[in-house]
>>> print(open('model-v6.pdb').read())   # PDB, C-alpha atoms (C1' of nucleotides)
MODEL        1
ATOM      1  CA  MET A   1     -42.489  -5.595   3.618
ATOM      2  CA  ASN A   2     -41.627  -5.944   0.025
ATOM      3  CA  LEU A   3     -41.519  -2.580  -1.619
ATOM      4  CA  GLN A   4     -40.076  -3.800  -4.874
ATOM      5  CA  GLN A   5     -39.303  -0.503  -6.492
ATOM      6  CA  THR A   6     -37.639  -1.717  -9.614
ATOM      7  CA  GLU A   7     -40.344  -3.842 -11.134
ATOM      8  CA  LEU A   8     -37.802  -5.827 -13.018
ATOM      9  CA  LEU A   9     -39.020  -9.121 -14.323
ATOM     10  CA  GLN A  10     -36.582 -11.894 -13.585
ATOM     11  CA  GLY A  11     -34.887 -12.937 -16.744
ATOM     12  CA  THR A  12     -34.988  -9.558 -18.398
ATOM     13  CA  LEU A  13     -31.959  -7.989 -16.752
ATOM     14  CA  ASP A  14     -29.517  -9.964 -18.849
ATOM     15  CA  LEU A  15     -31.363  -8.960 -21.978
ATOM     16  CA  LEU A  16     -31.257  -5.280 -21.067
ATOM     17  CA  ILE A  17     -27.564  -5.422 -20.237
ATOM     18  CA  LEU A  18     -26.712  -7.231 -23.450
ATOM     19  CA  LYS A  19     -28.675  -4.723 -25.463
ATOM     20  CA  ALA A  20     -27.053  -1.772 -23.699
ATOM     21  CA  LEU A  21     -23.600  -3.125 -24.460
ATOM     22  CA  ALA A  22     -24.460  -3.950 -28.051
ATOM     23  CA  LEU A  23     -24.528  -0.234 -28.780
ATOM     24  CA  GLN A  24     -21.128   0.463 -27.247
ATOM     25  CA  PRO A  25     -18.848  -0.702 -24.454
ATOM     26  CA  LEU A  26     -19.702   0.833 -21.118
ATOM     27  CA  HIS A  27     -18.568   0.577 -17.538
ATOM     28  CA  GLY A  28     -20.850  -0.831 -14.889
ATOM     29  CA  LEU A  29     -22.692   2.254 -13.777
ATOM     30  CA  GLY A  30     -22.808   3.395 -17.385
ATOM     31  CA  VAL A  31     -24.812   0.278 -18.157
ATOM     32  CA  ALA A  32     -27.260   1.141 -15.402
ATOM     33  CA  ARG A  33     -27.647   4.666 -16.739
ATOM     34  CA  ARG A  34     -28.142   3.474 -20.264
ATOM     35  CA  ILE A  35     -30.842   1.065 -19.181
ATOM     36  CA  GLU A  36     -32.620   3.731 -17.208
ATOM     37  CA  GLN A  37     -32.406   6.027 -20.196
ATOM     38  CA  VAL A  38     -33.677   3.698 -22.903
ATOM     39  CA  THR A  39     -36.529   2.469 -20.746
ATOM     40  CA  ARG A  40     -37.345   6.057 -19.830
ATOM     41  CA  GLY A  41     -36.957   5.483 -16.138
ATOM     42  CA  THR A  42     -39.053   2.350 -15.967
ATOM     43  CA  PHE A  43     -36.115   0.240 -14.843
ATOM     44  CA  CYS A  44     -33.657   1.480 -12.279
ATOM     45  CA  VAL A  45     -30.981  -1.157 -11.781
ATOM     46  CA  LYS A  46     -29.175  -0.928  -8.459
ATOM     47  CA  ALA A  47     -25.469  -1.664  -8.169
ATOM     48  CA  GLY A  48     -26.150  -4.689  -6.029
ATOM     49  CA  SER A  49     -28.185  -6.250  -8.801
ATOM     50  CA  LEU A  50     -26.033  -5.032 -11.627
ATOM     51  CA  PHE A  51     -22.562  -6.174 -10.664
ATOM     52  CA  PRO A  52     -23.451  -9.725  -9.769
ATOM     53  CA  ALA A  53     -25.213  -9.924 -13.124
ATOM     54  CA  LEU A  54     -22.185  -8.556 -14.961
ATOM     55  CA  HIS A  55     -19.925 -11.070 -13.243
ATOM     56  CA  ARG A  56     -22.261 -13.887 -14.022
ATOM     57  CA  MET A  57     -22.397 -12.881 -17.640
ATOM     58  CA  GLU A  58     -18.639 -12.512 -17.839
ATOM     59  CA  GLU A  59     -18.270 -16.042 -16.516
ATOM     60  CA  GLU A  60     -20.678 -17.237 -19.153
ATOM     61  CA  GLY A  61     -18.374 -15.733 -21.736
ATOM     62  CA  TRP A  62     -20.882 -13.190 -22.981
ATOM     63  CA  LEU A  63     -18.890 -10.190 -21.814
ATOM     64  CA  LYS A  64     -15.250  -9.228 -21.762
ATOM     65  CA  ALA A  65     -14.036  -6.686 -19.212
ATOM     66  CA  ALA A  66     -11.047  -4.367 -19.241
ATOM     67  CA  TRP A  67      -9.960  -1.656 -16.827
ATOM     68  CA  GLY A  68      -9.947   1.835 -18.187
ATOM     69  CA  GLU A  69     -10.741   5.382 -17.254
ATOM     70  CA  SER A  70     -14.198   6.869 -17.035
ATOM     71  CA  GLU A  71     -15.165  10.248 -18.461
ATOM     72  CA  ASN A  72     -14.227  11.691 -15.063
ATOM     73  CA  ASN A  73     -10.760  10.170 -14.812
ATOM     74  CA  ARG A  74     -11.822   7.466 -12.460
ATOM     75  CA  LYS A  75     -10.861   3.836 -12.695
ATOM     76  CA  ALA A  76     -13.674   1.966 -14.310
ATOM     77  CA  LYS A  77     -14.141  -1.495 -15.715
ATOM     78  CA  TYR A  78     -15.430  -1.403 -19.248
ATOM     79  CA  TYR A  79     -17.504  -4.250 -20.531
ATOM     80  CA  GLU A  80     -18.075  -5.224 -24.113
ATOM     81  CA  LEU A  81     -19.909  -8.025 -25.841
ATOM     82  CA  THR A  82     -18.092 -11.084 -27.059
ATOM     83  CA  LYS A  83     -19.203 -12.995 -30.094
ATOM     84  CA  ARG A  84     -21.044 -15.397 -27.806
ATOM     85  CA  GLY A  85     -22.610 -12.385 -26.159
ATOM     86  CA  ARG A  86     -24.036 -11.206 -29.448
ATOM     87  CA  ARG A  87     -25.423 -14.617 -30.102
ATOM     88  CA  GLN A  88     -26.943 -14.639 -26.649
ATOM     89  CA  LEU A  89     -28.509 -11.273 -27.319
ATOM     90  CA  GLU A  90     -30.139 -12.661 -30.418
ATOM     91  CA  ASN A  91     -31.434 -15.649 -28.510
ATOM     92  CA  GLU A  92     -32.840 -13.604 -25.688
ATOM     93  CA  THR A  93     -34.381 -11.079 -28.022
ATOM     94  CA  GLU A  94     -36.109 -13.861 -29.856
ATOM     95  CA  ARG A  95     -37.182 -15.415 -26.576
ATOM     96  CA  TRP A  96     -38.623 -12.115 -25.424
ATOM     97  CA  ALA A  97     -40.587 -11.762 -28.626
ATOM     98  CA  ARG A  98     -42.039 -15.210 -28.219
ATOM     99  CA  ILE A  99     -42.959 -14.685 -24.594
ATOM    100  CA  SER A 100     -44.468 -11.256 -24.933
ATOM    101  CA  LEU A 101     -46.492 -12.402 -27.903
ATOM    102  CA  ALA A 102     -47.833 -15.366 -25.947
ATOM    103  CA  ILE A 103     -48.776 -13.285 -22.948
ATOM    104  CA  GLY A 104     -50.295 -10.656 -25.152
ATOM    105  CA  ARG A 105     -52.486 -13.314 -26.686
ATOM    106  CA  ALA A 106     -53.459 -14.660 -23.289
ATOM    107  CA  LEU A 107     -54.468 -11.224 -22.106
ATOM    108  CA  GLU A 108     -56.548 -10.300 -25.080
ATOM    109  CA  VAL A 109     -58.879 -13.267 -24.647
ATOM    110  CA  LYS A 110     -62.319 -11.986 -23.799
ATOM    111  CA  ALA A 111     -64.813 -13.699 -21.582
TER     112      ALA A 111
ATOM    113  CA  MET B 112     -28.381 -29.382 -15.792
ATOM    114  CA  ASN B 113     -31.016 -26.842 -16.377
ATOM    115  CA  LEU B 114     -33.206 -27.779 -19.280
ATOM    116  CA  GLN B 115     -35.860 -25.167 -18.600
ATOM    117  CA  GLN B 116     -38.533 -26.247 -21.004
ATOM    118  CA  THR B 117     -41.212 -23.873 -19.990
ATOM    119  CA  GLU B 118     -39.508 -20.538 -20.496
ATOM    120  CA  LEU B 119     -41.758 -18.876 -18.022
ATOM    121  CA  LEU B 120     -40.636 -15.498 -16.838
ATOM    122  CA  GLN B 121     -40.834 -15.131 -13.126
ATOM    123  CA  GLY B 122     -43.666 -12.870 -12.278
ATOM    124  CA  THR B 123     -45.875 -13.833 -15.169
ATOM    125  CA  LEU B 124     -47.313 -17.035 -13.772
ATOM    126  CA  ASP B 125     -49.625 -15.223 -11.375
ATOM    127  CA  LEU B 126     -50.853 -13.043 -14.173
ATOM    128  CA  LEU B 127     -51.629 -16.003 -16.403
ATOM    129  CA  ILE B 128     -53.425 -17.820 -13.615
ATOM    130  CA  LEU B 129     -55.503 -14.788 -12.707
ATOM    131  CA  LYS B 130     -56.436 -14.265 -16.313
ATOM    132  CA  ALA B 131     -57.359 -17.907 -16.774
ATOM    133  CA  LEU B 132     -59.652 -17.803 -13.762
ATOM    134  CA  ALA B 133     -61.193 -14.517 -14.786
ATOM    135  CA  LEU B 134     -62.950 -16.323 -17.600
ATOM    136  CA  GLN B 135     -64.386 -19.040 -15.399
ATOM    137  CA  PRO B 136     -63.609 -21.068 -12.276
ATOM    138  CA  LEU B 137     -61.361 -24.025 -12.954
ATOM    139  CA  HIS B 138     -59.613 -26.732 -11.008
ATOM    140  CA  GLY B 139     -55.838 -26.847 -10.837
ATOM    141  CA  LEU B 140     -55.011 -28.873 -13.897
ATOM    142  CA  GLY B 141     -57.750 -27.069 -15.742
ATOM    143  CA  VAL B 142     -55.864 -23.853 -15.161
ATOM    144  CA  ALA B 143     -52.732 -25.402 -16.606
ATOM    145  CA  ARG B 144     -54.615 -26.544 -19.673
ATOM    146  CA  ARG B 145     -56.234 -23.189 -20.164
ATOM    147  CA  ILE B 146     -52.882 -21.449 -19.983
ATOM    148  CA  GLU B 147     -51.344 -23.830 -22.449
ATOM    149  CA  GLN B 148     -54.284 -23.285 -24.741
ATOM    150  CA  VAL B 149     -54.450 -19.493 -24.738
ATOM    151  CA  THR B 150     -50.695 -19.157 -25.153
ATOM    152  CA  ARG B 151     -50.813 -21.753 -27.923
ATOM    153  CA  GLY B 152     -48.404 -24.076 -26.248
ATOM    154  CA  THR B 153     -45.800 -21.477 -25.407
ATOM    155  CA  PHE B 154     -46.207 -22.001 -21.687
ATOM    156  CA  CYS B 155     -46.545 -25.432 -20.201
ATOM    157  CA  VAL B 156     -47.028 -25.085 -16.460
ATOM    158  CA  LYS B 157     -46.021 -28.118 -14.479
ATOM    159  CA  ALA B 158     -47.975 -29.262 -11.450
ATOM    160  CA  GLY B 159     -45.054 -28.550  -9.166
ATOM    161  CA  SER B 160     -45.076 -24.921 -10.211
ATOM    162  CA  LEU B 161     -48.799 -24.531 -10.481
ATOM    163  CA  PHE B 162     -50.036 -25.734  -7.140
ATOM    164  CA  PRO B 163     -47.603 -23.801  -4.999
ATOM    165  CA  ALA B 164     -48.645 -20.735  -6.962
ATOM    166  CA  LEU B 165     -52.336 -21.455  -6.414
ATOM    167  CA  HIS B 166     -51.792 -21.911  -2.704
ATOM    168  CA  ARG B 167     -49.772 -18.759  -2.488
ATOM    169  CA  MET B 168     -52.461 -16.825  -4.292
ATOM    170  CA  GLU B 169     -55.175 -18.297  -2.121
ATOM    171  CA  GLU B 170     -53.274 -17.126   0.951
ATOM    172  CA  GLU B 171     -53.035 -13.687  -0.561
ATOM    173  CA  GLY B 172     -56.799 -13.691  -0.800
ATOM    174  CA  TRP B 173     -56.908 -13.498  -4.573
ATOM    175  CA  LEU B 174     -58.494 -16.902  -5.007
ATOM    176  CA  LYS B 175     -61.172 -18.857  -3.247
ATOM    177  CA  ALA B 176     -61.156 -22.652  -3.473
ATOM    178  CA  ALA B 177     -63.955 -25.154  -3.111
ATOM    179  CA  TRP B 178     -64.032 -28.902  -3.583
ATOM    180  CA  GLY B 179     -66.188 -30.151  -6.368
ATOM    181  CA  GLU B 180     -66.272 -32.743  -9.074
ATOM    182  CA  SER B 181     -64.368 -32.573 -12.313
ATOM    183  CA  GLU B 182     -65.858 -33.350 -15.696
ATOM    184  CA  ASN B 183     -64.725 -36.932 -15.130
ATOM    185  CA  ASN B 184     -66.292 -37.390 -11.716
ATOM    186  CA  ARG B 185     -63.052 -36.953  -9.862
ATOM    187  CA  LYS B 186     -62.619 -34.895  -6.762
ATOM    188  CA  ALA B 187     -61.159 -31.592  -7.758
ATOM    189  CA  LYS B 188     -60.593 -28.274  -6.090
ATOM    190  CA  TYR B 189     -62.153 -25.432  -8.027
ATOM    191  CA  TYR B 190     -60.613 -22.006  -7.812
ATOM    192  CA  GLU B 191     -62.306 -18.732  -8.540
ATOM    193  CA  LEU B 192     -61.273 -15.113  -8.318
ATOM    194  CA  THR B 193     -62.205 -13.004  -5.338
ATOM    195  CA  LYS B 194     -62.809  -9.308  -5.615
ATOM    196  CA  ARG B 195     -59.238  -8.718  -4.531
ATOM    197  CA  GLY B 196     -58.167 -11.175  -7.178
ATOM    198  CA  ARG B 197     -59.859  -9.137  -9.884
ATOM    199  CA  ARG B 198     -58.175  -6.030  -8.632
ATOM    200  CA  GLN B 199     -54.861  -7.856  -8.632
ATOM    201  CA  LEU B 200     -55.466  -8.952 -12.191
ATOM    202  CA  GLU B 201     -55.962  -5.355 -13.199
ATOM    203  CA  ASN B 202     -52.782  -4.321 -11.423
ATOM    204  CA  GLU B 203     -50.708  -7.043 -12.968
ATOM    205  CA  THR B 204     -52.121  -6.454 -16.410
ATOM    206  CA  GLU B 205     -51.207  -2.822 -16.135
ATOM    207  CA  ARG B 206     -47.771  -3.742 -14.818
ATOM    208  CA  TRP B 207     -47.213  -6.079 -17.725
ATOM    209  CA  ALA B 208     -48.166  -3.367 -20.195
ATOM    210  CA  ARG B 209     -45.709  -0.970 -18.625
ATOM    211  CA  ILE B 210     -42.891  -3.482 -18.555
ATOM    212  CA  SER B 211     -43.332  -4.865 -22.026
ATOM    213  CA  LEU B 212     -43.547  -1.365 -23.415
ATOM    214  CA  ALA B 213     -40.298  -0.398 -21.697
ATOM    215  CA  ILE B 214     -38.456  -3.453 -22.903
ATOM    216  CA  GLY B 215     -39.862  -3.030 -26.364
ATOM    217  CA  ARG B 216     -38.470   0.470 -26.426
ATOM    218  CA  ALA B 217     -35.098  -0.697 -25.170
ATOM    219  CA  LEU B 218     -34.904  -3.321 -27.882
ATOM    220  CA  GLU B 219     -35.854  -1.098 -30.743
ATOM    221  CA  VAL B 220     -32.964   1.293 -30.150
ATOM    222  CA  LYS B 221     -30.627   1.097 -33.091
ATOM    223  CA  ALA B 222     -26.913   1.478 -32.951
TER     224      ALA B 222
ATOM    225  C1'  DT C 223     -66.117 -60.045 -10.035
ATOM    226  C1'  DC C 224     -61.615 -58.958  -9.319
ATOM    227  C1'  DT C 225     -57.532 -56.828 -10.291
ATOM    228  C1'  DT C 226     -54.489 -54.473 -13.034
ATOM    229  C1'  DT C 227     -53.482 -50.412 -15.308
ATOM    230  C1'  DC C 228     -53.955 -45.793 -16.594
ATOM    231  C1'  DA C 229     -55.208 -40.881 -16.501
ATOM    232  C1'  DT C 230     -56.661 -37.495 -13.403
ATOM    233  C1'  DA C 231     -55.881 -34.479  -9.486
ATOM    234  C1'  DT C 232     -53.305 -32.926  -5.782
ATOM    235  C1'  DT C 233     -49.379 -32.480  -2.617
ATOM    236  C1'  DG C 234     -44.722 -32.139  -0.602
ATOM    237  C1'  DA C 235     -39.541 -31.919  -0.156
ATOM    238  C1'  DC C 236     -35.809 -29.920  -2.269
ATOM    239  C1'  DA C 237     -32.575 -27.249  -5.292
ATOM    240  C1'  DT C 238     -31.730 -23.332  -8.030
ATOM    241  C1'  DT C 239     -31.721 -18.920  -9.860
ATOM    242  C1'  DC C 240     -32.059 -14.219  -9.713
ATOM    243  C1'  DG C 241     -32.653  -9.910  -8.098
ATOM    244  C1'  DA C 242     -32.939  -6.946  -3.660
ATOM    245  C1'  DT C 243     -30.849  -5.177   0.517
ATOM    246  C1'  DA C 244     -27.335  -3.445   2.888
ATOM    247  C1'  DG C 245     -23.187  -2.896   3.681
ATOM    248  C1'  DG C 246     -18.117  -1.888   2.415
ATOM    249  C1'  DT C 247     -13.581  -0.139  -0.328
ATOM    250  C1'  DG C 248     -10.991   3.241  -2.911
ATOM    251  C1'  DT C 249     -10.156   7.598  -5.388
ATOM    252  C1'  DG C 250     -10.448  11.895  -7.921
ATOM    253  C1'  DA C 251     -12.610  16.649  -7.711
ATOM    254  C1'  DC C 252     -13.764  20.622  -5.134
TER     255       DC C 252
ATOM    256  C1'  DG D 253     -12.422  16.808   4.486
ATOM    257  C1'  DT D 254     -16.310  15.908   2.015
ATOM    258  C1'  DC D 255     -18.670  14.296  -1.721
ATOM    259  C1'  DA D 256     -19.814  11.767  -5.743
ATOM    260  C1'  DC D 257     -18.224   8.229  -8.591
ATOM    261  C1'  DA D 258     -17.136   3.382  -9.378
ATOM    262  C1'  DC D 259     -16.871  -1.090  -7.801
ATOM    263  C1'  DC D 260     -17.516  -5.238  -4.827
ATOM    264  C1'  DT D 261     -19.406  -8.836  -1.533
ATOM    265  C1'  DA D 262     -22.376 -11.270   1.673
ATOM    266  C1'  DT D 263     -26.708 -12.560   2.517
ATOM    267  C1'  DC D 264     -31.602 -12.976   1.998
ATOM    268  C1'  DG D 265     -36.069 -14.107   0.016
ATOM    269  C1'  DA D 266     -39.346 -15.044  -3.572
ATOM    270  C1'  DA D 267     -40.621 -17.739  -7.321
ATOM    271  C1'  DT D 268     -40.094 -21.491 -10.237
ATOM    272  C1'  DG D 269     -38.393 -26.064 -11.519
ATOM    273  C1'  DT D 270     -37.561 -31.041 -10.506
ATOM    274  C1'  DC D 271     -38.820 -35.161  -8.641
ATOM    275  C1'  DA D 272     -41.396 -38.131  -6.180
ATOM    276  C1'  DA D 273     -45.488 -39.466  -3.779
ATOM    277  C1'  DT D 274     -50.532 -40.107  -2.788
ATOM    278  C1'  DA D 275     -55.310 -40.970  -3.896
ATOM    279  C1'  DT D 276     -59.105 -42.189  -6.840
ATOM    280  C1'  DG D 277     -62.210 -43.096 -10.619
ATOM    281  C1'  DA D 278     -62.434 -45.400 -15.232
ATOM    282  C1'  DA D 279     -61.543 -48.905 -18.382
ATOM    283  C1'  DA D 280     -60.037 -53.298 -19.757
ATOM    284  C1'  DG D 281     -59.205 -58.104 -19.323
ATOM    285  C1'  DA D 282     -58.841 -62.710 -16.559
TER     286       DA D 282
ENDMDL
END
>>> encode(input="model-v6.pdb", output="structure tokens")
Amino acid sequence: MNLQQTELLQGTLDLLILKALALQPLHGLGVARRIEQVTRGTFCVKAGSLFPALHRMEEEGWLKAAWGESENNRKAKYYELTKRGRRQLENETERWARISLAIGRALEVKA
Amino acid sequence: MNLQQTELLQGTLDLLILKALALQPLHGLGVARRIEQVTRGTFCVKAGSLFPALHRMEEEGWLKAAWGESENNRKAKYYELTKRGRRQLENETERWARISLAIGRALEVKA
DNA sequence: TCTTTCATATTGACATTCGATAGGTGTGAC
DNA sequence: GTCACACCTATCGAATGTCAATATGAAAGA
């Protein structure tokens, strides 16, 4: 029933998007490509997951969007981080570090 | 509205429960305590999250439950891993390794 | 003894959040 | 015209959180 191709952990998509945009502004599908690239294909974000997330994050004030042209002369909405977005990236990065450390510790416990 | 004390990433609770029970059978609240202990307080699983998860996992056939007595002579339901549960633990451990590696790589990219 | 109180142990109803699925629009390039 | 790019929306389901409830043994005091 539930083929679950992407393997994305809930709560990590925002972090990946923020990080992708911290390097440079990108349009929506560009974000997806960047994420796929830096995770070496581990995460493949579909449009239907991506755009709702971008809108959510724009409403939160983490992103600012502006219409522009893509590399191929197509209309595209470019997103960039706001100051609050950078702060959020720091928070989520720190949160990730804490969580992955804790789980790592849990998993290394031997019987 | 959303105070979110526990900071649990969706998808990691099952893993932590499986790992906790891999060491020894425990009753519900015992699982919660074990998790809190091995993650050094990072994760504090509330009853309302824990028991639905245990029931879900029992339905999946990963856990087997049996009534017994707790250390304090109270009725308590003890859970232990089934063979399928051990296999699931291996799967989820491997999944976690893959995911945390990918995110780690994404985060270490420099501008 | 009786009863009050507390910690243990479990359960259920409900809301929320997030990502997945599956569709749909518009447009430039060939 | 066809295709690939770029975006959008509606809707669903799974998983977790919140809150409240139940039941029971233990401990303490009248």
>>> closest_atom_pairs(input="model-v6.pdb", of="chain C", to="chain B", cutoff="10 Å", atoms="all atoms listed in the file", output="CSV")
residue,atom,partner,partner_atom,distance
C:DT230,C1',B:Arg185,CA,7.3
C:DA231,C1',B:Ala187,CA,6.3
C:DT232,C1',B:Phe162,CA,8.0
C:DT233,C1',B:Phe162,CA,8.1
C:DG234,C1',B:Gly159,CA,9.3
C:DT238,C1',B:Asn113,CA,9.1
C:DC240,C1',B:Gln121,CA,9.5
>>> interface_residues(input="model-v6.pdb", of="chain D", to="chain B", cutoff="10 Å", atoms="only C-alpha atoms (C1' of nucleotides)", output="ChimeraX atom specification")
/D:266-271,275-278
>>> resolve_selection(input="model-v6.pdb", expression="the PyMOL selection byres ((chain B) within 10 of (chain A))", output="PyMOL selection string")
chain B and resi 118-123+126-127+130-131+133-135+145-154+204+206-222
>>> atom_distance(input="model-v6.pdb", atom1="CA of Glu205 in chain B", atom2="CA of Glu171 in chain B")
19.1 Å
>>> atom_distance(input="model-v6.pdb", atom1="C1' of DC264 in chain D", atom2="CA of Glu203 in chain B")
25.0 Å
>>> residues_around(input="model-v6.pdb", residues="DG246 in chain C", least_positions_apart="2", cutoff="10 Å", atoms="all atoms listed in the file", output="JSON, numbers by chain")
{"C": [244], "D": [260, 261]}
>>> atom_distance(input="model-v6.pdb", atom1="CA of Cys155 in chain B", atom2="CA of Ile128 in chain B")
12.2 Å
>>> residues_around(input="model-v6.pdb", residues="Glu58 in chain A", least_positions_apart="4", cutoff="10 Å", atoms="all atoms listed in the file", output="PyMOL selection string")
chain A and resi 52-54+62-65+79-82+85
>>> write_last_selection(input="model-v6.pdb", atoms="C-alpha atoms", output="compact mmCIF listing (two decimals), in the frame of the given file")
# COMPACT_ATOMS: atom_id res chain seq x y z
CA PRO A 52 -23.45 -9.72 -9.77
CA ALA A 53 -25.21 -9.92 -13.12
CA LEU A 54 -22.18 -8.56 -14.96
CA TRP A 62 -20.88 -13.19 -22.98
CA LEU A 63 -18.89 -10.19 -21.81
CA LYS A 64 -15.25 -9.23 -21.76
CA ALA A 65 -14.04 -6.69 -19.21
CA TYR A 79 -17.50 -4.25 -20.53
CA GLU A 80 -18.08 -5.22 -24.11
CA LEU A 81 -19.91 -8.02 -25.84
CA THR A 82 -18.09 -11.08 -27.06
CA GLY A 85 -22.61 -12.38 -26.16
